[in-house]
>>> print(open('query.cif').read())   # mmCIF, C-alpha atoms
data_model
loop_
_atom_site.label_atom_id
_atom_site.label_comp_id
_atom_site.auth_asym_id
_atom_site.auth_seq_id
_atom_site.Cartn_x
_atom_site.Cartn_y
_atom_site.Cartn_z
CA MET Y 1 -0.71 -7.82 2.30
CA HIS Y 2 -1.38 -5.73 -0.81
CA ILE Y 3 0.11 -7.18 -3.99
CA SER Y 4 1.69 -4.50 -6.20
CA GLU Y 5 1.05 -3.93 -9.89
CA GLY Y 6 3.16 -5.78 -12.43
CA ILE Y 7 3.85 -8.91 -10.39
CA LEU Y 8 0.99 -11.29 -11.13
CA SER Y 9 0.25 -12.99 -14.43
CA LEU Y 10 -2.81 -12.13 -16.51
CA PRO Y 11 -4.82 -15.33 -15.76
CA ILE Y 12 -4.41 -14.78 -12.00
CA LEU Y 13 -5.44 -11.11 -12.36
CA ALA Y 14 -8.46 -12.03 -14.49
CA GLY Y 15 -9.50 -14.86 -12.16
CA GLY Y 16 -9.19 -12.59 -9.13
CA GLY Y 17 -11.21 -9.89 -10.88
CA ALA Y 18 -14.01 -12.34 -11.76
CA PHE Y 19 -14.24 -13.72 -8.21
CA ALA Y 20 -14.19 -10.19 -6.77
CA ILE Y 21 -17.07 -9.08 -9.02
CA ILE Y 22 -19.18 -12.13 -8.10
CA GLY Y 23 -18.40 -11.66 -4.39
CA THR Y 24 -19.22 -7.95 -4.51
CA ALA Y 25 -22.54 -8.64 -6.25
CA ILE Y 26 -23.50 -11.24 -3.62
CA GLY Y 27 -22.33 -8.87 -0.86
CA LEU Y 28 -24.38 -5.95 -2.16
CA LYS Y 29 -27.49 -8.14 -2.17
CA HIS Y 30 -26.86 -9.01 1.48
CA ILE Y 31 -26.62 -5.42 2.72
CA ASP Y 32 -29.74 -4.52 4.63
CA THR Y 33 -30.79 -0.90 4.01
CA ASP Y 34 -30.79 -0.21 7.76
CA HIS Y 35 -27.15 -1.20 8.08
CA ILE Y 36 -25.52 0.69 5.26
CA ILE Y 37 -23.90 3.17 7.65
CA GLU Y 38 -22.39 0.39 9.78
CA THR Y 39 -21.02 -1.21 6.62
CA SER Y 40 -19.43 2.05 5.49
CA LEU Y 41 -17.95 2.70 8.97
CA LEU Y 42 -16.35 -0.75 9.05
CA SER Y 43 -15.10 -0.15 5.53
CA SER Y 44 -13.47 3.06 6.85
CA ALA Y 45 -11.89 1.13 9.72
CA PHE Y 46 -10.41 -1.33 7.21
CA PHE Y 47 -9.24 1.59 5.05
CA VAL Y 48 -7.33 3.17 7.95
CA ALA Y 49 -6.05 -0.10 9.45
CA SER Y 50 -3.45 -0.56 6.68
CA LEU Y 51 -1.81 2.68 7.79
CA VAL Y 52 -1.32 1.44 11.33
CA HIS Y 53 2.16 0.13 11.29
CA ILE Y 54 3.50 -1.98 14.12
CA PRO Y 55 7.16 -2.90 14.47
CA LEU Y 56 7.29 -6.61 15.27
CA GLY Y 57 10.58 -8.48 15.59
CA PRO Y 58 13.09 -7.65 12.89
CA GLY Y 59 10.45 -6.44 10.44
CA SER Y 60 7.18 -4.64 10.68
CA VAL Y 61 3.56 -5.33 9.87
CA HIS Y 62 0.43 -3.34 9.28
CA LEU Y 63 -3.03 -4.20 10.50
CA VAL Y 64 -5.57 -5.70 8.11
CA LEU Y 65 -8.66 -6.22 10.32
CA ASN Y 66 -10.39 -8.34 7.68
CA GLY Y 67 -11.35 -10.87 10.37
CA LEU Y 68 -13.17 -8.19 12.35
CA VAL Y 69 -14.92 -6.81 9.27
CA GLY Y 70 -15.86 -10.32 8.15
CA ILE Y 71 -17.28 -11.50 11.43
CA LEU Y 72 -19.42 -8.37 11.78
CA LEU Y 73 -20.56 -7.99 8.18
CA GLY Y 74 -20.56 -11.46 6.62
CA TRP Y 75 -20.96 -11.27 2.83
CA ALA Y 76 -21.33 -7.48 3.06
CA SER Y 77 -17.63 -7.37 3.91
CA VAL Y 78 -16.77 -8.04 0.22
CA PRO Y 79 -18.10 -4.70 -1.12
CA ALA Y 80 -16.87 -2.96 2.08
CA ILE Y 81 -13.32 -4.26 1.60
CA ALA Y 82 -13.35 -3.81 -2.20
CA THR Y 83 -14.34 -0.13 -1.86
CA ALA Y 84 -11.69 0.49 0.80
CA LEU Y 85 -9.04 -1.24 -1.34
CA PHE Y 86 -10.08 0.84 -4.36
CA LEU Y 87 -9.59 4.06 -2.37
CA GLN Y 88 -6.30 2.79 -0.91
CA ALA Y 89 -5.02 2.12 -4.44
CA LEU Y 90 -6.23 5.50 -5.65
CA LEU Y 91 -5.14 7.67 -2.72
CA PHE Y 92 -2.15 5.84 -1.21
CA GLY Y 93 -0.85 3.76 -4.11
CA PHE Y 94 -1.26 0.54 -2.08
CA GLY Y 95 -1.73 -2.39 -4.42
CA GLY Y 96 -3.13 -1.02 -7.66
CA LEU Y 97 -6.18 -0.91 -9.87
CA THR Y 98 -5.23 -3.94 -12.01
CA VAL Y 99 -4.63 -6.06 -8.89
CA LEU Y 100 -7.77 -4.77 -7.14
CA GLY Y 101 -9.65 -8.00 -7.87
CA VAL Y 102 -6.92 -10.28 -6.54
CA ASN Y 103 -6.37 -8.10 -3.46
CA THR Y 104 -10.14 -8.13 -2.81
CA VAL Y 105 -10.23 -11.94 -3.00
CA VAL Y 106 -7.11 -12.22 -0.79
CA MET Y 107 -8.60 -10.04 1.95
CA ALA Y 108 -12.38 -10.38 1.62
CA GLY Y 109 -12.48 -14.13 0.87
CA PRO Y 110 -11.14 -15.04 4.34
CA ALA Y 111 -13.44 -12.41 5.88
CA VAL Y 112 -16.49 -14.31 4.57
CA ALA Y 113 -14.91 -17.65 5.57
CA VAL Y 114 -14.39 -16.61 9.22
CA TYR Y 115 -17.95 -15.32 9.33
CA TYR Y 116 -19.22 -18.83 8.62
CA LEU Y 117 -16.56 -20.55 10.74
CA PHE Y 118 -16.70 -18.41 13.88
CA GLY Y 119 -19.89 -16.32 13.49
CA PRO Y 120 -21.99 -18.74 15.59
CA MET Y 121 -19.34 -18.63 18.34
CA ILE Y 122 -19.36 -14.83 18.73
CA ARG Y 123 -23.13 -14.84 19.07
CA LYS Y 124 -22.73 -16.96 22.22
CA GLU Y 125 -21.86 -15.55 25.64
CA GLY Y 126 -18.65 -15.44 27.62
CA ARG Y 127 -15.51 -17.36 26.85
CA THR Y 128 -16.85 -18.98 23.65
CA ARG Y 129 -17.36 -15.51 22.18
CA MET Y 130 -13.82 -14.44 23.11
CA ILE Y 131 -12.25 -17.57 21.63
CA GLY Y 132 -14.38 -17.22 18.49
CA ALA Y 133 -13.32 -13.58 18.04
CA PHE Y 134 -9.63 -14.39 18.57
CA CYS Y 135 -9.79 -17.27 16.07
CA ALA Y 136 -11.65 -15.08 13.55
CA GLY Y 137 -8.90 -12.44 13.62
CA MET Y 138 -6.14 -15.02 13.48
CA VAL Y 139 -7.58 -17.37 10.88
CA ALA Y 140 -8.52 -14.49 8.55
CA ILE Y 141 -4.84 -13.46 8.33
CA LEU Y 142 -3.75 -17.09 7.96
CA LEU Y 143 -6.14 -17.64 5.05
CA SER Y 144 -5.24 -14.29 3.47
CA THR Y 145 -1.55 -15.17 3.60
CA CYS Y 146 -2.28 -18.56 2.02
CA LEU Y 147 -4.28 -16.92 -0.79
CA LEU Y 148 -1.53 -14.34 -1.32
CA ALA Y 149 1.09 -17.09 -1.48
CA LEU Y 150 -1.14 -19.03 -3.89
CA ALA Y 151 -1.44 -15.99 -6.19
CA LEU Y 152 2.35 -15.54 -6.19
CA VAL Y 153 3.14 -19.22 -6.76
CA GLY Y 154 0.40 -19.43 -9.42
CA THR Y 155 2.22 -16.68 -11.31
CA ASP Y 156 5.73 -18.05 -10.92
CA ARG Y 157 6.91 -21.25 -9.24
CA SER Y 158 10.09 -19.47 -8.16
CA PHE Y 159 7.99 -17.58 -5.60
CA LEU Y 160 7.59 -20.84 -3.62
CA ASP Y 161 10.40 -20.08 -1.15
CA THR Y 162 9.20 -16.52 -0.71
CA ALA Y 163 5.71 -17.83 -0.03
CA ARG Y 164 7.01 -20.11 2.73
CA LEU Y 165 8.92 -17.23 4.31
CA LEU Y 166 5.84 -15.06 4.05
CA LEU Y 167 3.75 -17.55 6.00
CA ALA Y 168 6.29 -17.62 8.85
CA ALA Y 169 6.64 -13.84 8.86
CA GLN Y 170 2.88 -13.33 9.26
CA ILE Y 171 2.55 -15.40 12.46
CA PRO Y 172 3.00 -12.38 14.80
CA LEU Y 173 0.36 -10.48 12.81
CA MET Y 174 -2.05 -13.43 13.12
CA LEU Y 175 -1.76 -13.33 16.91
CA LEU Y 176 -2.00 -9.54 17.02
CA GLU Y 177 -5.12 -9.45 14.85
CA GLY Y 178 -6.62 -12.19 17.01
CA VAL Y 179 -6.11 -10.10 20.15
CA ILE Y 180 -7.43 -6.91 18.53
CA THR Y 181 -10.51 -8.67 17.14
CA MET Y 182 -11.15 -10.20 20.57
CA PHE Y 183 -10.82 -6.78 22.22
CA VAL Y 184 -13.16 -5.06 19.78
CA VAL Y 185 -15.77 -7.85 19.92
CA SER Y 186 -15.76 -7.85 23.72
CA PHE Y 187 -16.20 -4.08 23.65
CA LEU Y 188 -19.05 -4.29 21.13
CA ALA Y 189 -20.73 -7.02 23.21
CA ARG Y 190 -20.98 -4.52 26.07
CA VAL Y 191 -21.77 -1.34 24.16
CA GLN Y 192 -23.60 -2.43 21.03
CA PRO Y 193 -24.54 -6.12 21.38
CA GLU Y 194 -27.02 -6.02 18.49
CA LEU Y 195 -24.10 -5.35 16.13
CA LEU Y 196 -22.77 -8.85 16.78
CA ASN Y 197 -26.07 -10.28 15.58
CA PHE Y 198 -26.28 -7.82 12.74
CA SER Y 199 -25.15 -10.10 9.95
CA SER Y 200 -27.42 -12.92 11.09
CA ARG Y 201 -30.34 -10.58 10.68
CA VAL Y 202 -29.07 -9.40 7.33
CA HIS Y 203 -29.55 -12.77 5.73
CA PRO Y 204 -31.79 -15.06 7.75
CA MET V 1 -32.15 4.83 11.30
CA ASN V 2 -33.37 6.81 14.33
CA ILE V 3 -31.60 9.24 16.67
CA CYS V 4 -30.78 6.52 19.24
CA ARG V 5 -28.88 4.57 16.63
CA PHE V 6 -26.63 7.56 15.95
CA LEU V 7 -26.14 8.13 19.69
CA THR V 8 -24.79 4.64 20.15
CA TRP V 9 -22.52 5.03 17.17
CA ASN V 10 -21.36 8.32 18.67
CA LYS V 11 -20.19 6.32 21.66
CA LEU V 12 -18.48 3.83 19.42
CA PHE V 13 -16.66 6.24 17.14
CA PRO V 14 -14.27 7.81 19.67
CA VAL V 15 -13.38 4.36 20.96
CA ILE V 16 -12.50 3.09 17.50
CA LEU V 17 -10.41 6.22 16.92
CA LEU V 18 -8.70 5.83 20.31
CA LEU V 19 -7.94 2.21 19.46
CA PHE V 20 -6.01 3.35 16.41
CA VAL V 21 -4.18 6.04 18.37
CA PHE V 22 -3.11 3.65 21.15
CA ILE V 23 -1.85 0.94 18.90
CA THR V 24 0.19 3.31 16.76
CA PRO V 25 3.57 3.49 18.49
CA ALA V 26 5.27 5.14 15.53
CA PRO V 27 3.99 7.66 13.02
CA VAL V 28 1.80 6.04 10.42
CA PHE V 29 3.80 4.56 7.59
CA ALA V 30 3.01 3.82 4.04
CA HIS V 31 2.88 0.30 2.80
CA HIS V 32 3.81 1.41 -0.66
CA LEU V 33 7.35 0.94 -1.98
CA TYR V 34 8.65 4.31 -3.13
CA VAL V 35 11.44 4.31 -5.68
CA PHE V 36 13.34 7.41 -6.79
CA ALA V 37 16.42 7.66 -8.99
CA TYR V 38 18.65 10.46 -10.20
CA VAL V 39 21.89 11.01 -12.05
CA ASN V 40 24.88 11.90 -9.93
CA GLY V 41 27.94 12.50 -12.08
CA ARG V 42 28.67 9.30 -13.95
CA ASP V 43 26.40 7.25 -11.67
CA ILE V 44 22.70 6.71 -11.26
CA VAL V 45 21.55 6.71 -7.65
CA VAL V 46 18.50 4.64 -6.71
CA LYS V 47 16.68 5.10 -3.42
CA ALA V 48 13.91 2.73 -2.31
CA ALA V 49 11.87 3.00 0.88
CA PHE V 50 8.49 2.12 2.37
CA GLY V 51 8.32 5.49 4.11
CA HIS V 52 10.45 7.74 6.31
CA ASP V 53 13.27 5.84 8.01
CA ARG V 54 12.14 2.56 6.54
CA PRO V 55 14.56 1.86 3.70
CA ASP V 56 14.05 -1.16 1.48
CA LYS V 57 17.17 -3.09 2.48
CA ASN V 58 18.55 -5.74 0.12
CA GLY V 59 15.86 -4.90 -2.42
CA LYS V 60 16.54 -6.48 -5.79
CA VAL V 61 17.12 -3.76 -8.38
CA THR V 62 16.60 -4.50 -12.07
CA VAL V 63 17.47 -1.86 -14.64
CA THR V 64 16.14 -2.17 -18.18
CA ASN V 65 15.87 0.12 -21.18
CA SER V 66 12.69 0.95 -23.13
CA THR V 67 12.86 -2.33 -25.09
CA GLY V 68 13.22 -4.38 -21.91
CA LYS V 69 16.93 -5.15 -22.38
CA LEU V 70 18.61 -5.84 -19.04
CA LEU V 71 21.20 -3.15 -18.30
CA PHE V 72 22.08 -3.77 -14.68
CA GLN V 73 21.11 -5.90 -11.69
CA GLY V 74 22.00 -5.31 -8.07
CA LYS V 75 20.76 -4.97 -4.51
CA THR V 76 20.11 -1.95 -2.33
CA ASP V 77 22.30 -1.39 0.75
CA SER V 78 21.18 -0.91 4.36
CA ARG V 79 20.06 2.65 3.51
CA GLY V 80 17.91 1.36 0.64
CA MET V 81 20.34 2.92 -1.87
CA LEU V 82 22.25 1.67 -4.87
CA HIS V 83 24.81 3.42 -7.09
CA PHE V 84 25.50 2.04 -10.52
CA PRO V 85 27.30 3.43 -13.56
CA ARG V 86 25.09 5.37 -15.94
CA PRO V 87 24.51 3.12 -18.96
CA GLN V 88 25.46 4.36 -22.41
CA LEU V 89 22.18 4.63 -24.29
CA PRO V 90 20.83 6.24 -27.46
CA PRO V 91 19.70 9.84 -26.75
CA ASN V 92 15.96 9.04 -26.76
CA ASP V 93 16.08 5.86 -24.71
CA THR V 94 14.58 5.62 -21.22
CA VAL V 95 15.72 3.66 -18.19
CA LYS V 96 13.22 1.67 -16.14
CA ILE V 97 14.30 0.84 -12.60
CA THR V 98 12.30 -1.88 -10.82
CA VAL V 99 12.95 -2.52 -7.14
CA GLY V 100 11.55 -5.52 -5.27
CA GLY V 101 10.43 -5.09 -1.68
CA GLY V 102 9.59 -8.55 -0.37
CA PRO V 103 6.76 -10.85 -1.42
CA GLY V 104 4.22 -9.14 -3.62
CA HIS V 105 5.82 -5.70 -3.41
CA GLN V 106 7.68 -3.75 -6.03
CA GLY V 107 8.20 -0.17 -7.07
CA VAL V 108 9.09 1.28 -10.45
CA TRP V 109 10.81 4.51 -11.47
CA THR V 110 11.32 5.51 -15.09
CA MET V 111 14.06 7.96 -16.06
CA THR V 112 13.32 9.97 -19.20
CA PRO V 113 16.09 11.15 -21.57
CA ALA V 114 15.86 14.54 -19.80
CA ASP V 115 16.38 12.90 -16.39
CA LEU V 116 19.40 11.12 -17.80
CA GLY V 117 20.79 14.35 -19.23
CA ASN V 118 20.39 12.93 -22.76
CA ASN V 119 19.03 15.83 -24.77
CA THR V 120 19.46 15.96 -28.53
CA ALA V 121 22.92 17.49 -28.18
CA ALA V 122 23.98 14.98 -25.58
CA THR V 123 27.34 13.38 -25.90
CA GLU V 124 29.15 10.58 -24.17
CA THR V 125 30.25 12.12 -20.90
CA PRO V 126 28.47 14.36 -18.39
CA THR V 127 31.42 16.77 -18.60
CA ASP V 128 30.78 17.33 -22.27
CA SER V 129 27.03 17.58 -21.86
CA VAL V 130 27.48 20.51 -19.46
CA HIS V 131 29.81 22.09 -21.95
CA THR V 132 27.44 21.69 -24.88
CA ALA V 133 24.29 22.58 -22.95
CA GLN V 134 25.17 26.27 -22.78
CA PRO V 135 27.50 26.93 -25.67
CA ASN V 136 26.29 30.48 -26.31
CA ASN V 137 25.77 31.77 -22.78
CA SER V 138 29.18 31.03 -21.40
CA PRO V 139 31.72 30.82 -24.15
CA ALA V 140 35.18 29.96 -22.88
CA PRO V 141 37.73 32.76 -23.28
CA PRO V 142 39.69 32.20 -26.45
CA SER V 143 42.91 32.32 -24.50
CA LEU V 144 42.12 28.91 -22.89
CA SER V 145 43.41 25.81 -24.58
CA ALA V 146 41.10 22.90 -25.37
CA ASN V 147 42.46 20.95 -22.41
CA GLU V 148 41.91 23.88 -20.06
CA GLN V 149 38.35 24.31 -21.34
CA ARG V 150 37.60 20.65 -20.66
CA TYR V 151 39.12 20.91 -17.20
CA LEU V 152 37.05 24.03 -16.44
CA ALA V 153 33.88 22.37 -17.68
CA ARG V 154 34.56 19.35 -15.45
CA LEU V 155 35.08 21.59 -12.42
CA VAL V 156 31.82 23.42 -13.07
CA SER V 157 29.99 20.15 -13.61
CA GLU V 158 31.29 18.72 -10.34
CA ALA V 159 30.46 21.92 -8.42
CA VAL V 160 26.90 21.96 -9.79
CA ALA V 161 26.45 18.28 -8.96
CA ARG V 162 27.64 18.95 -5.39
CA GLU V 163 25.29 21.91 -5.00
CA ILE V 164 22.17 20.15 -6.26
CA GLU V 165 22.84 16.88 -4.42
CA PRO V 166 20.88 18.02 -1.30
CA LEU V 167 18.00 19.08 -3.55
CA LYS V 168 17.85 15.65 -5.14
CA ALA V 169 18.01 14.01 -1.71
CA MET V 170 15.16 16.29 -0.59
CA MET V 171 13.10 15.24 -3.59
CA ALA V 172 13.80 11.60 -2.75
CA ARG V 173 12.54 12.18 0.79
CA GLN V 174 9.40 13.89 -0.47
CA MET V 175 8.71 11.02 -2.84
CA GLU V 176 8.65 8.56 0.04
CA SER V 177 6.75 10.67 2.56
CA GLY V 178 3.73 8.33 2.36
CA PRO V 179 0.03 9.14 2.38
CA SER V 180 -0.89 12.61 3.53
CA LEU V 181 -3.41 13.36 6.27
CA GLN V 182 -5.64 14.95 3.62
CA ASN V 183 -5.73 11.68 1.68
CA ILE V 184 -6.49 9.64 4.81
CA ILE V 185 -9.31 11.91 5.94
CA GLY V 186 -10.48 12.23 2.33
CA GLY V 187 -10.71 8.46 1.99
CA ILE V 188 -12.74 8.09 5.19
CA GLY V 189 -14.97 10.89 3.96
CA TRP V 190 -15.53 9.08 0.67
CA LEU V 191 -16.48 5.82 2.40
CA VAL V 192 -18.86 7.42 4.90
CA GLY V 193 -20.25 9.67 2.17
CA LEU V 194 -20.88 6.74 -0.15
CA GLY V 195 -22.67 4.96 2.69
CA GLY V 196 -24.81 8.02 3.26
CA LEU V 197 -25.59 8.28 -0.43
CA VAL V 198 -26.68 4.66 -0.69
CA ALA V 199 -28.74 4.99 2.52
CA ALA V 200 -30.47 8.12 1.22
CA TRP V 201 -31.17 6.46 -2.12
CA SER V 202 -32.58 3.30 -0.58
CA SER V 203 -34.75 5.20 1.91
CA ARG V 204 -36.22 7.21 -0.97
CA LYS V 205 -36.91 3.93 -2.78
CA LYS V 206 -38.69 2.62 0.32
CA ARG V 207 -40.96 5.65 0.46
#
>>> encode(input="query.cif", output="structure tokens")
Amino acid sequence: MHISEGILSLPILAGGGAFAIIGTAIGLKHIDTDHIIETSLLSSAFFVASLVHIPLGPGSVHLVLNGLVGILLGWASVPAIATALFLQALLFGFGGLTVLGVNTVVMAGPAVAVYYLFGPMIRKEGRTRMIGAFCAGMVAILLSTCLLALALVGTDRSFLDTARLLLAAQIPLMLLEGVITMFVVSFLARVQPELLNFSSRVHP
Amino acid sequence: MNICRFLTWNKLFPVILLLFVFITPAPVFAHHLYVFAYVNGRDIVVKAAFGHDRPDKNGKVTVTNSTGKLLFQGKTDSRGMLHFPRPQLPPNDTVKITVGGGPGHQGVWTMTPADLGNNTAATETPTDSVHTAQPNNSPAPPSLSANEQRYLARLVSEAVAREIEPLKAMMARQMESGPSLQNIIGGIGWLVGLGGLVAAWSSRKKR
């Protein structure tokens, strides 16, 4: 899911950087002082998730968990994901510093989107919550893949076929992330239910 | 932020950690494309992998010089490796090897003149470069003819190449070993620490 250095064109990099800065600024404003630790813990979860590698079919995927982070943090997921991506680039060489903006938009943009799309569902009880959580995990990966494909095609039209292949290859990951997000949300609903309402309290 | 809050998080933490342990069927792998290249006789060997035992198969390899001139194009095999003839370049030129690893992924390795065995006294063939590299330390006995000297130099060159081959392979493996545990724990520490710092700063502001 991380785009490497030296692939994207300058306008795409600059556009991604600008959107990432705006998103991070909005996100920082939305972080309630009482929930900074939760934000940093979810940022850590996102940071580690990329290292969890799962062999699926002929290839292999790694977790992203941006749906989970998004649905729990809302706008605060932008700075959480941006910081984790920065450390991943610095410590692991995933992505890179010049593509940090684009990678932030690719992963944090859908996180905010699923918060608005499925946030109300996970604050309900029972099956609605489970379906909402599954959809949040799945749709976040779907949107991220679309954004990634858009960044590649925006740089070079010849990436169009690769982008199509990419979309098909990510389907198993979409389902997997949906299941994991559902599992974690159902667990949080039992152990720490106020966390599911956390972002609604953050910005009323 | 009272004690109860931390207690509940204490319950949550092991579960999140366990979640990661359970869903990790294989050792953690890097998502970074590692590229490593070295000279082997008259060839350059390229190795590309995402981590241990995960070679970048059919990765598109593009070889250019320092001015961006295309020198070679090819694809890696099932072991993520590619052999291609060492290009003839001016002594101070570098070789940039770019390997693609699927959508949005690529790795780059640059070979300096020293990596290529092109020092200032470098000549056309590796055989001769070995011969000229140590002209004073191991002078050939005067009784040997020029042909015999060349033959001897070639034998030595081949023997050295054979001996250091495992070392180069070991270096290639180290290059692609992926993120270390220290880096992973360090990163988590940074994130939690930053959170703590911001929390401390904002609570001071409140007071």
>>> residues_around(input="query.cif", residues="Arg79 in chain V", least_positions_apart="4", cutoff="8 Å", atoms="only C-alpha atoms", output="tab-separated table (two decimals) with C-alpha atoms, keeping the file's coordinate frame")
chain	number	residue	atom	x	y	z
V	55	PRO	CA	14.56	1.86	3.70
V	56	ASP	CA	14.05	-1.16	1.48
V	57	LYS	CA	17.17	-3.09	2.48
>>> resolve_selection(input="query.cif", expression="the PyMOL selection byres ((chain Y and resi 166) around 10)", output="PyMOL selection string")
(chain Y and resi 1+145-146+148-149+160-165+167-171) or (chain V and resi 102-104)
>>> closest_atom_pairs(input="query.cif", of="chain Y", to="chain V", cutoff="7 Å", atoms="all atoms listed in the file", output="Markdown table")
| residue | atom | partner | partner_atom | distance |
| --- | --- | --- | --- | --- |
| Y:Ile3 | CA | V:Gly104 | CA | 4.6 |
| Y:Ser4 | CA | V:His105 | CA | 5.1 |
| Y:Ile7 | CA | V:Gly104 | CA | 6.8 |
| Y:Thr33 | CA | V:Ala199 | CA | 6.4 |
| Y:Asp34 | CA | V:Met1 | CA | 6.3 |
| Y:Ile36 | CA | V:Gly195 | CA | 5.7 |
| Y:Ile37 | CA | V:Gly195 | CA | 5.4 |
| Y:Ser40 | CA | V:Gly195 | CA | 5.2 |
| Y:Leu41 | CA | V:Val192 | CA | 6.3 |
| Y:Ser43 | CA | V:Leu191 | CA | 6.9 |
| Y:Ser44 | CA | V:Ile188 | CA | 5.3 |
| Y:Leu51 | CA | V:Val28 | CA | 5.6 |
| Y:Val52 | CA | V:Val28 | CA | 5.6 |
| Y:His53 | CA | V:Val28 | CA | 6.0 |
| Y:Ile54 | CA | V:Thr24 | CA | 6.8 |
| Y:Leu87 | CA | V:Gly187 | CA | 6.3 |
| Y:Leu91 | CA | V:Asn183 | CA | 6.0 |
| Y:Phe92 | CA | V:Pro179 | CA | 5.3 |
| Y:Gly93 | CA | V:His32 | CA | 6.3 |
| Y:Phe94 | CA | V:His32 | CA | 5.3 |
| Y:Thr162 | CA | V:Pro103 | CA | 6.2 |
| Y:Leu166 | CA | V:Pro103 | CA | 7.0 |
>>> atom_distance(input="query.cif", atom1="CA of Arg129 in chain Y", atom2="CA of Ser186 in chain Y")
8.0 Å
>>> closest_residue(input="query.cif", among="Y:Thr104, Y:Leu175, Y:Ile71, Y:Ile12", to="Tyr116 in chain Y", atoms="all atoms listed in the file")
Y:Ile71
>>> residues_near_point(input="query.cif", point="(-9.9, -19.6, 6.3)", cutoff="12 Å", atoms="all atoms listed in the file", output="list in words")
Asn66, Gly67, Gly70, Val106, Met107, Ala108, Gly109, Pro110, Ala111, Val112, Ala113, Val114, Tyr115, Tyr116, Leu117, Phe118, Cys135, Ala136, Gly137, Met138, Val139, Ala140, Ile141, Leu142, Leu143, Ser144, Thr145, Cys146 and Leu147 of chain Y
>>> closest_residue(input="query.cif", among="Y:Leu42, Y:Leu63, Y:Ile81, Y:Leu72", to="Thr24 in chain Y", atoms="all atoms listed in the file")
Y:Ile81
>>> closest_residue(input="query.cif", among="Y:Ala20, Y:Pro11, Y:Val99, Y:Met130", to="Phe187 in chain Y", atoms="all atoms listed in the file")
Y:Met130
>>> resolve_selection(input="query.cif", expression="the PyMOL selection byres ((chain V and resi 62) around 12)", output="list of chain:residue names")
V:Val46, V:Gly59, V:Lys60, V:Val61, V:Val63, V:Thr64, V:Asn65, V:Gly68, V:Lys69, V:Leu70, V:Leu71, V:Phe72, V:Gln73, V:Gly74, V:Lys75, V:Thr76, V:Leu82, V:Phe84, V:Val95, V:Lys96, V:Ile97, V:Thr98, V:Val99, V:Gly100, V:Gln106, V:Gly107, V:Val108, V:Trp109, V:Thr110
>>> build_atoms(input="query.cif", residues="range 147-156 of chain V", atoms="N, CA, C and O atoms", output="PDB file, in the frame of the given file")
ATOM      1  N   ASN V 147      42.309  21.725 -23.650  1.00  0.00           N
ATOM      2  CA  ASN V 147      42.460  20.950 -22.410  1.00  0.00           C
ATOM      3  C   ASN V 147      41.970  21.742 -21.207  1.00  0.00           C
ATOM      4  O   ASN V 147      41.279  21.207 -20.335  1.00  0.00           O
ATOM      5  N   GLU V 148      42.329  23.019 -21.182  1.00  0.00           N
ATOM      6  CA  GLU V 148      41.910  23.880 -20.060  1.00  0.00           C
ATOM      7  C   GLU V 148      40.393  24.041 -20.051  1.00  0.00           C
ATOM      8  O   GLU V 148      39.763  24.045 -19.000  1.00  0.00           O
ATOM      9  N   GLN V 149      39.817  24.174 -21.246  1.00  0.00           N
ATOM     10  CA  GLN V 149      38.350  24.310 -21.340  1.00  0.00           C
ATOM     11  C   GLN V 149      37.660  23.067 -20.788  1.00  0.00           C
ATOM     12  O   GLN V 149      36.696  23.161 -20.058  1.00  0.00           O
ATOM     13  N   ARG V 150      38.186  21.898 -21.154  1.00  0.00           N
ATOM     14  CA  ARG V 150      37.600  20.650 -20.660  1.00  0.00           C
ATOM     15  C   ARG V 150      37.696  20.545 -19.153  1.00  0.00           C
ATOM     16  O   ARG V 150      36.778  20.143 -18.462  1.00  0.00           O
ATOM     17  N   TYR V 151      38.881  20.963 -18.643  1.00  0.00           N
ATOM     18  CA  TYR V 151      39.120  20.910 -17.200  1.00  0.00           C
ATOM     19  C   TYR V 151      38.136  21.831 -16.474  1.00  0.00           C
ATOM     20  O   TYR V 151      37.522  21.460 -15.469  1.00  0.00           O
ATOM     21  N   LEU V 152      37.958  23.039 -17.035  1.00  0.00           N
ATOM     22  CA  LEU V 152      37.050  24.030 -16.440  1.00  0.00           C
ATOM     23  C   LEU V 152      35.618  23.497 -16.434  1.00  0.00           C
ATOM     24  O   LEU V 152      34.894  23.583 -15.430  1.00  0.00           O
ATOM     25  N   ALA V 153      35.242  22.915 -17.571  1.00  0.00           N
ATOM     26  CA  ALA V 153      33.880  22.370 -17.680  1.00  0.00           C
ATOM     27  C   ALA V 153      33.659  21.267 -16.654  1.00  0.00           C
ATOM     28  O   ALA V 153      32.592  21.166 -16.044  1.00  0.00           O
ATOM     29  N   ARG V 154      34.689  20.442 -16.416  1.00  0.00           N
ATOM     30  CA  ARG V 154      34.560  19.350 -15.450  1.00  0.00           C
ATOM     31  C   ARG V 154      34.385  19.904 -14.035  1.00  0.00           C
ATOM     32  O   ARG V 154      33.556  19.435 -13.256  1.00  0.00           O
ATOM     33  N   LEU V 155      35.180  20.966 -13.746  1.00  0.00           N
ATOM     34  CA  LEU V 155      35.080  21.590 -12.420  1.00  0.00           C
ATOM     35  C   LEU V 155      33.685  22.136 -12.178  1.00  0.00           C
ATOM     36  O   LEU V 155      33.088  21.936 -11.115  1.00  0.00           O
ATOM     37  N   VAL V 156      33.163  22.835 -13.199  1.00  0.00           N
ATOM     38  CA  VAL V 156      31.820  23.420 -13.070  1.00  0.00           C
ATOM     39  C   VAL V 156      30.794  22.311 -12.877  1.00  0.00           C
ATOM     40  O   VAL V 156      29.924  22.386 -12.008  1.00  0.00           O
TER      41      VAL V 156
END
